[in-house]
$ cat run20.cif   # mmCIF, C-alpha atoms
data_protein
#
loop_
_atom_site.label_atom_id
_atom_site.label_comp_id
_atom_site.auth_asym_id
_atom_site.auth_seq_id
_atom_site.Cartn_x
_atom_site.Cartn_y
_atom_site.Cartn_z
CA MET A 1320 -29.73 -54.79 -20.49
CA ALA A 1321 -28.98 -53.22 -23.86
CA GLY A 1322 -25.36 -52.92 -22.71
CA GLY A 1323 -25.12 -56.69 -22.18
CA SER A 1324 -26.39 -57.52 -25.65
CA LYS A 1325 -23.98 -55.00 -27.16
CA GLU A 1326 -21.07 -56.70 -25.43
CA ILE A 1327 -22.18 -60.09 -26.71
CA ARG A 1328 -22.46 -58.67 -30.22
CA ALA A 1329 -18.90 -57.35 -30.04
CA LYS A 1330 -17.72 -60.75 -28.86
CA ILE A 1331 -19.51 -62.49 -31.72
CA GLY A 1332 -17.66 -60.15 -34.05
CA SER A 1333 -14.25 -60.97 -32.58
CA VAL A 1334 -14.87 -64.74 -32.55
CA THR A 1335 -16.03 -64.53 -36.18
CA ASN A 1336 -12.74 -62.82 -37.07
CA THR A 1337 -10.74 -65.48 -35.22
CA LYS A 1338 -12.67 -68.16 -37.08
CA LYS A 1339 -11.80 -66.55 -40.40
CA ILE A 1340 -8.10 -66.53 -39.48
CA THR A 1341 -8.01 -70.14 -38.31
CA LYS A 1342 -9.92 -71.21 -41.43
CA ALA A 1343 -7.37 -69.44 -43.63
CA MET A 1344 -4.48 -71.02 -41.70
CA GLU A 1345 -6.08 -74.41 -42.10
CA MET A 1346 -6.25 -74.00 -45.86
CA VAL A 1347 -2.69 -72.67 -46.09
CA ALA A 1348 -1.45 -75.65 -44.03
CA ALA A 1349 -3.37 -78.07 -46.26
CA SER A 1350 -1.73 -76.78 -49.42
CA LYS A 1351 1.72 -76.58 -47.80
CA MET A 1352 1.32 -80.11 -46.54
CA ARG A 1353 0.80 -81.45 -50.05
CA ARG A 1354 4.08 -79.88 -51.13
CA ALA A 1355 5.88 -81.05 -47.99
CA GLN A 1356 4.61 -84.56 -48.59
CA ALA A 1357 5.91 -84.48 -52.16
CA ARG A 1358 9.31 -83.38 -50.88
CA MET A 1359 9.25 -86.16 -48.32
CA GLU A 1360 8.61 -88.70 -51.09
CA ALA A 1361 11.45 -87.19 -53.14
CA THR A 1362 14.01 -87.68 -50.35
CA LYS A 1363 13.14 -91.34 -49.87
CA PRO A 1364 15.07 -92.83 -52.84
CA TYR A 1365 18.39 -91.43 -51.59
CA VAL A 1366 17.95 -92.81 -48.08
CA GLU A 1367 16.87 -96.17 -49.49
CA LYS A 1368 19.86 -96.34 -51.84
CA VAL A 1369 22.37 -95.36 -49.13
CA LYS A 1370 20.89 -98.08 -46.95
CA ARG A 1371 21.19 -100.58 -49.77
CA VAL A 1372 24.85 -99.69 -50.27
CA ILE A 1373 25.49 -100.01 -46.54
CA GLU A 1374 23.81 -103.40 -46.52
CA HIS A 1375 26.13 -104.43 -49.34
CA VAL A 1376 29.11 -103.08 -47.42
CA SER A 1377 28.13 -105.03 -44.32
CA GLY A 1378 27.79 -108.13 -46.50
CA ALA A 1379 31.34 -107.66 -47.67
CA HIS A 1380 34.40 -108.53 -45.66
CA PRO A 1381 36.22 -105.24 -45.74
CA GLU A 1382 39.84 -104.95 -44.69
CA TYR A 1383 38.80 -101.82 -42.81
CA LYS A 1384 36.03 -101.90 -40.19
CA HIS A 1385 34.42 -98.51 -39.95
CA PRO A 1386 33.88 -97.18 -36.39
CA TYR A 1387 30.24 -96.36 -37.18
CA THR A 1388 29.51 -100.06 -37.49
CA GLN A 1389 31.21 -101.01 -34.22
CA THR A 1390 29.18 -100.89 -31.01
CA ARG A 1391 31.24 -99.52 -28.16
CA GLU A 1392 31.32 -101.53 -24.99
CA THR A 1393 30.95 -98.73 -22.49
CA VAL A 1394 28.65 -95.85 -23.20
CA LYS A 1395 29.56 -92.77 -21.18
CA ARG A 1396 28.20 -89.96 -23.32
CA VAL A 1397 25.51 -89.89 -25.94
CA ALA A 1398 24.24 -87.25 -28.31
CA LEU A 1399 20.57 -86.69 -29.02
CA VAL A 1400 19.54 -84.88 -32.18
CA VAL A 1401 16.09 -83.37 -31.61
CA ILE A 1402 14.07 -82.26 -34.61
CA SER A 1403 11.26 -79.78 -33.98
CA SER A 1404 9.33 -77.20 -35.93
CA ASP A 1405 10.19 -73.50 -36.07
CA ARG A 1406 6.67 -72.29 -35.49
CA GLY A 1407 3.90 -73.13 -33.09
CA LEU A 1408 0.16 -73.46 -33.61
CA CYS A 1409 0.59 -77.06 -34.68
CA GLY A 1410 -1.21 -78.87 -31.89
CA GLY A 1411 0.82 -81.19 -29.71
CA LEU A 1412 3.43 -82.01 -32.36
CA ASN A 1413 6.48 -80.67 -30.53
CA SER A 1414 5.31 -81.24 -26.96
CA ASN A 1415 4.53 -84.89 -27.76
CA LEU A 1416 8.08 -85.31 -29.05
CA PHE A 1417 9.62 -83.67 -25.98
CA ARG A 1418 7.40 -85.79 -23.74
CA LYS A 1419 8.76 -88.84 -25.52
CA ALA A 1420 12.36 -87.63 -25.17
CA LEU A 1421 12.25 -86.73 -21.47
CA PRO A 1422 11.95 -90.29 -20.06
CA GLN A 1423 14.87 -91.28 -22.30
CA LEU A 1424 16.94 -88.37 -20.97
CA LYS A 1425 16.03 -89.36 -17.41
CA ALA A 1426 16.96 -92.98 -18.06
CA TRP A 1427 20.38 -91.92 -19.35
CA LYS A 1428 20.86 -89.68 -16.33
CA GLU A 1429 20.10 -92.58 -14.00
CA GLN A 1430 22.62 -94.75 -15.79
CA GLY A 1431 25.21 -92.01 -15.37
CA VAL A 1432 25.33 -91.31 -19.10
CA GLU A 1433 25.91 -87.71 -20.04
CA VAL A 1434 23.82 -86.27 -22.85
CA GLU A 1435 24.73 -83.68 -25.44
CA LEU A 1436 21.97 -82.11 -27.48
CA ALA A 1437 21.88 -81.02 -31.08
CA LEU A 1438 18.71 -79.09 -31.78
CA VAL A 1439 16.92 -78.45 -35.04
CA GLY A 1440 14.10 -75.89 -35.00
CA ASN A 1441 13.13 -72.99 -32.75
CA LYS A 1442 10.73 -74.97 -30.59
CA ALA A 1443 13.42 -77.38 -29.39
CA LYS A 1444 15.66 -74.42 -28.55
CA THR A 1445 12.93 -72.74 -26.51
CA PHE A 1446 12.07 -75.98 -24.74
CA PHE A 1447 15.59 -77.00 -23.77
CA ARG A 1448 16.44 -73.45 -22.74
CA SER A 1449 13.90 -73.72 -19.95
CA TYR A 1450 14.44 -77.44 -19.31
CA GLY A 1451 18.21 -77.23 -19.37
CA GLY A 1452 20.72 -79.43 -21.10
CA ASN A 1453 24.08 -79.36 -22.75
CA VAL A 1454 23.41 -78.02 -26.24
CA VAL A 1455 26.39 -78.45 -28.55
CA ALA A 1456 24.85 -77.50 -31.88
CA ALA A 1457 21.70 -75.83 -33.09
CA VAL A 1458 20.05 -74.79 -36.29
CA SER A 1459 16.68 -73.14 -36.87
CA ASP A 1460 14.63 -71.08 -39.31
CA LEU A 1461 14.85 -73.70 -42.03
CA GLY A 1462 11.62 -72.52 -43.63
CA ASP A 1463 9.16 -74.67 -45.51
CA THR A 1464 11.81 -76.13 -47.81
CA PRO A 1465 14.77 -77.30 -45.71
CA HIS A 1466 18.00 -78.04 -47.57
CA ILE A 1467 20.69 -80.50 -46.61
CA GLU A 1468 23.31 -77.70 -46.55
CA ASP A 1469 21.52 -76.15 -43.57
CA LEU A 1470 22.05 -79.30 -41.52
CA VAL A 1471 25.62 -80.20 -42.49
CA GLY A 1472 27.22 -78.10 -39.75
CA THR A 1473 25.06 -79.46 -36.95
CA ILE A 1474 25.64 -83.06 -38.01
CA LYS A 1475 29.37 -82.49 -38.38
CA VAL A 1476 29.66 -81.21 -34.81
CA VAL A 1477 28.05 -84.41 -33.53
CA LEU A 1478 29.94 -86.81 -35.79
CA ASP A 1479 33.28 -85.14 -35.08
CA LYS A 1480 32.67 -85.70 -31.38
CA PHE A 1481 31.87 -89.33 -32.11
CA ASP A 1482 35.03 -89.70 -34.17
CA ALA A 1483 37.07 -88.13 -31.37
CA GLY A 1484 35.59 -90.61 -28.89
CA GLU A 1485 33.88 -87.89 -26.87
CA ILE A 1486 30.47 -89.49 -27.42
CA ASP A 1487 29.67 -93.16 -27.89
CA GLU A 1488 26.19 -93.13 -29.40
CA VAL A 1489 24.09 -90.78 -31.48
CA HIS A 1490 20.30 -90.88 -31.26
CA LEU A 1491 17.68 -89.07 -33.27
CA ALA A 1492 14.32 -87.87 -31.93
CA SER A 1493 11.80 -86.86 -34.57
CA ASN A 1494 8.22 -87.15 -35.67
CA GLU A 1495 7.20 -89.90 -38.02
CA PHE A 1496 4.57 -89.09 -40.63
CA VAL A 1497 1.82 -91.71 -40.31
CA ASN A 1498 -0.85 -89.89 -42.28
CA THR A 1499 -2.20 -86.35 -42.53
CA MET A 1500 -3.94 -86.71 -39.19
CA ALA A 1501 -1.42 -88.74 -37.20
CA GLN A 1502 2.21 -88.15 -36.29
CA ASN A 1503 4.26 -90.50 -34.23
CA PRO A 1504 7.14 -89.25 -32.04
CA ASN A 1505 10.05 -91.61 -32.36
CA ILE A 1506 13.60 -92.04 -31.02
CA GLN A 1507 16.08 -94.14 -32.97
CA GLN A 1508 19.78 -94.85 -32.77
CA LEU A 1509 21.76 -93.36 -35.63
CA VAL A 1510 25.34 -94.29 -34.84
CA PRO A 1511 26.67 -96.96 -34.39
CA LEU A 1512 24.48 -98.44 -37.09
CA GLN A 1513 22.18 -101.14 -35.85
CA SER A 1514 21.39 -104.50 -37.38
CA VAL A 1515 24.26 -104.55 -39.82
CA GLU A 1516 25.39 -108.13 -39.34
CA SER A 1517 27.34 -109.69 -42.14
CA ASP A 1518 25.94 -113.15 -42.69
CA SER A 1519 27.09 -113.73 -46.24
CA GLU A 1520 29.19 -116.82 -46.86
CA THR A 1521 31.01 -115.53 -49.88
CA TYR A 1522 34.22 -113.68 -49.21
CA TRP A 1523 34.52 -110.61 -51.30
CA ASP A 1524 35.56 -107.04 -50.80
CA TYR A 1525 35.28 -103.87 -52.77
CA LEU A 1526 37.90 -102.19 -54.82
CA TYR A 1527 38.15 -98.81 -53.13
CA GLU A 1528 39.14 -95.48 -54.57
CA PRO A 1529 41.04 -93.62 -53.26
CA ASP A 1530 41.18 -96.04 -50.26
CA ALA A 1531 38.84 -97.97 -47.99
CA LYS A 1532 38.86 -95.49 -45.12
CA THR A 1533 38.10 -92.42 -47.23
CA ALA A 1534 35.39 -94.11 -49.24
CA LEU A 1535 33.64 -95.73 -46.27
CA ASP A 1536 33.95 -92.58 -44.18
CA LEU A 1537 32.22 -90.57 -46.87
CA LEU A 1538 29.52 -93.19 -47.25
CA MET A 1539 28.77 -93.29 -43.52
CA ARG A 1540 28.66 -89.51 -43.24
CA ARG A 1541 26.31 -89.27 -46.16
CA TYR A 1542 24.15 -91.94 -44.57
CA VAL A 1543 23.83 -90.02 -41.30
CA GLU A 1544 23.27 -86.72 -43.11
CA SER A 1545 20.58 -88.12 -45.37
CA THR A 1546 18.81 -89.83 -42.46
CA VAL A 1547 18.72 -86.60 -40.46
CA PHE A 1548 17.71 -84.62 -43.53
CA GLY A 1549 14.95 -87.14 -44.27
CA ALA A 1550 13.72 -86.75 -40.70
CA VAL A 1551 13.69 -82.95 -41.03
CA VAL A 1552 11.71 -83.11 -44.25
CA GLU A 1553 9.32 -85.62 -42.69
CA ASN A 1554 8.94 -83.36 -39.66
CA ALA A 1555 8.03 -80.48 -41.99
CA ALA A 1556 5.21 -82.59 -43.45
CA CYS A 1557 4.12 -83.56 -39.92
CA GLU A 1558 4.11 -79.91 -38.89
CA GLN A 1559 1.75 -78.91 -41.68
CA GLY A 1560 -0.50 -81.90 -41.03
CA ALA A 1561 -0.66 -81.16 -37.31
CA ARG A 1562 -1.28 -77.48 -37.96
CA MET A 1563 -4.08 -78.30 -40.38
CA MET A 1564 -5.80 -80.45 -37.76
CA ALA A 1565 -5.25 -77.92 -34.96
CA MET A 1566 -6.67 -75.12 -37.06
CA LYS A 1567 -9.62 -77.25 -38.15
CA ASN A 1568 -10.45 -77.92 -34.49
CA ALA A 1569 -10.07 -74.22 -33.69
CA THR A 1570 -12.41 -73.32 -36.55
CA ASP A 1571 -14.99 -75.85 -35.35
CA ASN A 1572 -14.75 -74.58 -31.79
CA ALA A 1573 -15.13 -71.00 -32.94
CA GLY A 1574 -18.27 -72.02 -34.87
CA GLU A 1575 -19.73 -73.62 -31.75
CA MET A 1576 -18.87 -70.60 -29.66
CA ILE A 1577 -20.56 -68.28 -32.17
CA ASN A 1578 -23.73 -70.37 -31.99
CA GLU A 1579 -23.73 -70.24 -28.19
CA LEU A 1580 -23.10 -66.51 -28.18
CA LYS A 1581 -25.90 -65.96 -30.71
CA LEU A 1582 -28.25 -67.91 -28.48
CA SER A 1583 -27.45 -65.83 -25.42
CA TYR A 1584 -27.61 -62.67 -27.54
CA ASN A 1585 -31.15 -63.54 -28.69
CA LYS A 1586 -32.15 -64.47 -25.17
CA ALA A 1587 -30.93 -61.13 -23.86
CA ARG A 1588 -32.73 -59.30 -26.67
CA GLN A 1589 -35.98 -61.14 -26.04
CA ALA A 1590 -35.73 -60.57 -22.28
CA ALA A 1591 -35.32 -56.86 -22.92
CA ILE A 1592 -38.43 -56.79 -25.13
CA THR A 1593 -40.46 -58.75 -22.58
CA ALA A 1594 -39.37 -56.41 -19.81
CA GLU A 1595 -40.30 -53.38 -21.89
CA LEU A 1596 -43.70 -54.87 -22.80
CA SER A 1597 -44.56 -55.72 -19.22
CA GLU A 1598 -43.60 -52.18 -18.22
CA ILE A 1599 -45.96 -50.76 -20.84
CA VAL A 1600 -48.77 -53.10 -19.83
CA ALA A 1601 -48.24 -52.27 -16.17
CA GLY A 1602 -48.17 -48.58 -16.99
CA SER A 1603 -51.39 -48.70 -19.08
CA SER A 1604 -53.26 -50.75 -16.45
CA ALA A 1605 -52.21 -48.19 -13.84
CA VAL A 1606 -53.87 -45.46 -15.93
CA MET B 684 19.14 -107.84 -76.44
CA ALA B 685 22.28 -106.55 -74.89
CA VAL B 686 23.19 -107.36 -71.32
CA THR B 687 22.08 -104.57 -69.01
CA MET B 688 22.47 -103.52 -65.42
CA GLN B 689 20.28 -101.47 -63.11
CA VAL B 690 21.51 -97.93 -62.55
CA ASP B 691 20.10 -95.60 -59.88
CA ILE B 692 21.30 -92.02 -59.69
CA VAL B 693 19.85 -90.23 -56.68
CA SER B 694 20.44 -87.04 -54.76
CA ALA B 695 19.18 -86.18 -51.29
CA GLU B 696 16.42 -84.06 -52.80
CA GLY B 697 15.15 -86.45 -55.43
CA GLU B 698 15.67 -89.30 -57.86
CA ILE B 699 17.65 -88.26 -60.94
CA PHE B 700 17.76 -91.44 -63.03
CA SER B 701 16.67 -95.03 -62.65
CA GLY B 702 16.77 -97.63 -65.38
CA LYS B 703 18.55 -100.42 -67.23
CA VAL B 704 21.68 -99.44 -69.12
CA GLU B 705 24.45 -101.18 -71.03
CA MET B 706 27.32 -99.02 -69.92
CA LEU B 707 28.11 -96.23 -67.50
CA PHE B 708 30.99 -93.77 -67.24
CA ALA B 709 31.83 -91.76 -64.16
CA GLN B 710 34.67 -89.72 -62.66
CA ALA B 711 35.96 -91.85 -59.79
CA ALA B 712 38.61 -90.70 -57.33
CA ASP B 713 41.54 -92.01 -59.37
CA GLY B 714 40.20 -91.25 -62.82
CA GLU B 715 37.34 -92.04 -65.14
CA VAL B 716 35.79 -95.49 -64.93
CA GLY B 717 33.68 -97.23 -67.52
CA VAL B 718 31.37 -99.86 -66.11
CA MET B 719 29.67 -102.72 -67.91
CA PRO B 720 27.43 -105.40 -66.38
CA HIS B 721 29.16 -107.98 -64.14
CA HIS B 722 31.78 -105.50 -63.01
CA THR B 723 33.50 -106.40 -59.76
CA GLN B 724 32.40 -104.66 -56.55
CA PHE B 725 33.73 -101.15 -56.44
CA LEU B 726 33.23 -98.25 -54.05
CA SER B 727 34.56 -94.80 -54.74
CA GLN B 728 34.28 -91.15 -54.10
CA LEU B 729 33.03 -89.23 -57.14
CA LYS B 730 34.77 -86.19 -58.51
CA PRO B 731 32.87 -83.30 -60.04
CA GLY B 732 32.01 -84.27 -63.59
CA THR B 733 29.54 -85.97 -65.83
CA VAL B 734 28.02 -89.38 -65.33
CA ARG B 735 27.14 -90.86 -68.72
CA VAL B 736 24.78 -93.77 -69.16
CA VAL B 737 24.56 -95.59 -72.48
CA SER B 738 21.76 -97.89 -73.56
CA GLY B 739 21.62 -98.78 -77.24
CA ASP B 740 22.08 -95.63 -79.28
CA GLU B 741 20.87 -93.47 -76.45
CA GLU B 742 23.29 -91.65 -74.24
CA GLN B 743 22.31 -89.52 -71.26
CA HIS B 744 24.50 -87.10 -69.31
CA PHE B 745 24.10 -86.07 -65.69
CA TYR B 746 26.33 -83.53 -64.03
CA VAL B 747 27.41 -84.52 -60.53
CA ASN B 748 29.20 -82.20 -58.11
CA SER B 749 30.56 -84.90 -55.90
CA GLY B 750 29.25 -88.01 -54.25
CA ILE B 751 29.70 -91.74 -54.03
CA ILE B 752 29.50 -94.52 -56.61
CA GLU B 753 28.91 -98.11 -55.63
CA ILE B 754 29.16 -100.87 -58.19
CA GLN B 755 27.76 -104.37 -57.76
CA PRO B 756 27.73 -106.91 -60.60
CA SER B 757 24.12 -106.17 -61.52
CA VAL B 758 23.42 -102.81 -59.95
CA VAL B 759 25.18 -99.43 -59.86
CA THR B 760 24.23 -96.75 -57.35
CA VAL B 761 25.32 -93.15 -57.70
CA LEU B 762 24.73 -91.04 -54.59
CA ALA B 763 25.06 -87.47 -55.79
CA ASP B 764 25.55 -84.48 -53.51
CA THR B 765 23.12 -81.66 -54.13
CA ALA B 766 25.35 -78.95 -52.77
CA VAL B 767 28.94 -77.97 -53.28
CA ARG B 768 30.77 -79.80 -50.53
CA ALA B 769 34.25 -79.20 -49.32
CA ALA B 770 35.96 -79.97 -46.03
CA ASP B 771 36.61 -76.33 -45.12
CA LEU B 772 33.03 -75.35 -46.04
CA ASP B 773 31.71 -78.09 -43.74
CA GLU B 774 34.05 -76.87 -41.03
CA ALA B 775 32.66 -73.33 -41.29
CA GLU B 776 29.12 -74.71 -41.08
CA ALA B 777 30.01 -76.70 -37.98
CA GLU B 778 31.46 -73.59 -36.31
CA ALA B 779 28.28 -71.70 -37.11
CA ALA B 780 26.15 -74.48 -35.61
CA LYS B 781 28.18 -74.41 -32.39
CA GLN B 782 27.85 -70.66 -32.18
CA ARG B 783 24.09 -70.86 -32.67
CA ALA B 784 23.91 -73.38 -29.83
CA GLU B 785 25.71 -70.99 -27.50
CA GLU B 786 23.55 -68.08 -28.56
CA ALA B 787 20.43 -70.17 -28.10
CA MET B 788 21.27 -70.94 -24.50
CA ALA B 789 22.87 -67.66 -23.43
CA ASN B 790 21.32 -64.65 -25.03
CA ALA B 791 17.79 -65.79 -25.40
CA LYS B 792 16.08 -62.85 -23.88
CA SER B 793 13.95 -61.65 -26.76
CA ASP B 794 12.44 -65.09 -27.32
CA THR B 795 11.63 -65.69 -23.64
CA ASP B 796 10.12 -62.23 -23.48
CA ILE B 797 7.83 -63.15 -26.31
CA ALA B 798 7.00 -66.47 -24.64
CA ARG B 799 6.25 -64.70 -21.36
CA ALA B 800 4.07 -62.16 -23.14
CA GLN B 801 2.18 -65.00 -24.81
CA VAL B 802 1.55 -66.66 -21.45
CA GLU B 803 0.33 -63.38 -19.99
CA LEU B 804 -1.92 -62.87 -22.97
CA ALA B 805 -3.41 -66.34 -22.60
CA GLU B 806 -4.04 -65.68 -18.91
CA ALA B 807 -5.73 -62.38 -19.70
CA VAL B 808 -7.96 -64.06 -22.28
CA ALA B 809 -8.93 -66.73 -19.76
CA GLN B 810 -9.75 -64.08 -17.17
CA ILE B 811 -11.93 -62.19 -19.63
CA GLN B 812 -13.75 -65.37 -20.50
CA THR B 813 -14.44 -66.15 -16.84
CA ILE B 814 -15.64 -62.61 -16.20
CA SER B 815 -17.97 -62.64 -19.19
CA LYS B 816 -19.35 -66.03 -18.14
CA LEU B 817 -19.99 -64.73 -14.61
CA ARG B 818 -21.69 -61.68 -16.06
CA ASP B 819 -23.89 -63.85 -18.28
CA ARG B 820 -24.93 -65.90 -15.30
CA LEU B 821 -25.71 -62.75 -13.29
CA HIS B 822 -27.89 -61.46 -16.09
CA LYS B 823 -29.73 -64.72 -16.36
CA THR B 824 -30.40 -65.04 -12.62
CA GLY B 825 -31.36 -61.35 -12.47
CA LEU B 826 -34.01 -61.98 -15.10
CA ALA B 827 -35.32 -65.23 -13.75
#

$ encode --input "run20.cif" --output "structure tokens"
Amino acid sequence: MAGGSKEIRAKIGSVTNTKKITKAMEMVAASKMRRAQARMEATKPYVEKVKRVIEHVSGAHPEYKHPYTQTRETVKRVALVVISSDRGLCGGLNSNLFRKALPQLKAWKEQGVEVELALVGNKAKTFFRSYGGNVVAAVSDLGDTPHIEDLVGTIKVVLDKFDAGEIDEVHLASNEFVNTMAQNPNIQQLVPLQSVESDSETYWDYLYEPDAKTALDLLMRRYVESTVFGAVVENAACEQGARMMAMKNATDNAGEMINELKLSYNKARQAAITAELSEIVAGSSAV
Amino acid sequence: MAVTMQVDIVSAEGEIFSGKVEMLFAQAADGEVGVMPHHTQFLSQLKPGTVRVVSGDEEQHFYVNSGIIEIQPSVVTVLADTAVRAADLDEAEAEAAKQRAEEAMANAKSDTDIARAQVELAEAVAQIQTISKLRDRLHKTGLA
């Protein structure tokens, strides 16, 4: 009997240690999330301003129509940029995103559309390695403070393929930051740009330097880059939020488990005492 | 009160300047431009250099590596690049990204090994839990 209670005591010790670790991770995630959220806010003005410029451009009547604004009639190949976290222990953040992406991949397959993948983050790499897929570009280990330079190569691979006519659409799968407790997996079309209809009556066009193609090309590339970068930064905030919640749940569960173990430990201890007592009483009555 | 226009200077990693100014100077693709309110629409690549904004006696300078400037009659937007950007640099980055993709799919042994070890560990933990639960139950029934 004493052996049983000793085992339980050892288990209480190990669960207590686990609880300490998850509690620490929860607090680390909480502080990292605040910083990630601040970074997310900081990236918003750029994306908003690029969008505003693009709205202006679509309101103009340019002599040069950029391919990124033209929907292609037949879609044979598409690219999907998947943004995931580098590390695990963040609840269902990544698996929810992949679960959202899979039906879309299946739908494309059924329509006979080939898919090329560009992956950001270790978790997407691991997932698509086992799931399969045609990965054309990948980047991971961005750390807690991703920079736009880290993503330029991956985006360029995809956009070059679009320019060459190898792919007809580019989609982006990422997590949307709703609040600290909720993240929303989301798939949106990046290129060709959607809902850019020119409805203005006035006929005007820009003066371009050095020329319309160069200027618009740069603008469109920066738009795609900043959108993907914004999504990566947002995903980083989501990751910390999800990790905070996952670790909070783990800490709570560990607390419950400790209580249960303590209860069974006390029961075992008491049973041992009772047994011993009854032995003594039986022994003395025998004498 | 002088006529002013809204100027927003932003980079991908944050807002640099936002406010009403009387005049702005920037290095456009074909040379320096000076912009006053009600300028015609203008879209240009920016060259490395300083963007100056003037309002009253105040003059502020912002160094911009490269980027885009868009001018509308009442609003000017400067989209600054945070990093040094050049075509060949981008090309090198793209090559690196392709290579990483190949590596990720081909020589992924170490990562899968870790993943497999994690699965095995989780299974072992579950087994231990079941065993300890069974033992608990045995103890309880033995005592009852």

$ closest_residue --input "run20.cif" --among "B:Val704, B:Val693, B:Gly714, B:Ile751" --to "A:Leu1538" --atoms "all atoms listed in the file"
B:Ile751

$ resolve_selection --input "run20.cif" --expression "the PyMOL selection byres ((chain A and resi 1465) around 12)" --output "MDAnalysis selection string"
(chainID A and resid 1355 1358:1359 1362 1404:1405 1439:1440 1458:1464 1466:1471 1547:1556) or (chainID B and resid 695:696)

$ resolve_selection --input "run20.cif" --expression "the PyMOL selection byres ((chain A) within 7 of (chain B))" --output "JSON, numbers by chain"
{"A": [1361, 1362, 1364, 1365, 1372, 1444, 1448, 1454, 1455, 1456, 1457, 1458, 1468, 1471, 1472, 1473, 1475, 1476, 1524, 1525, 1526, 1527, 1528, 1529, 1534, 1538, 1545]}

$ atom_distance --input "run20.cif" --atom1 "atom CA of A:Gly1452" --atom2 "atom CA of A:Ala1437"
10.2 Å

$ atom_distance --input "run20.cif" --atom1 "atom CA of B:Gln710" --atom2 "atom CA of A:Pro1386"
27.3 Å

$ residues_near_point --input "run20.cif" --point "(25.8, -93.2, -42.4)" --cutoff "10 Å" --atoms "all atoms listed in the file" --output "PyMOL selection string"
chain A and resi 1366+1369-1370+1373+1387-1388+1509-1512+1535-1547
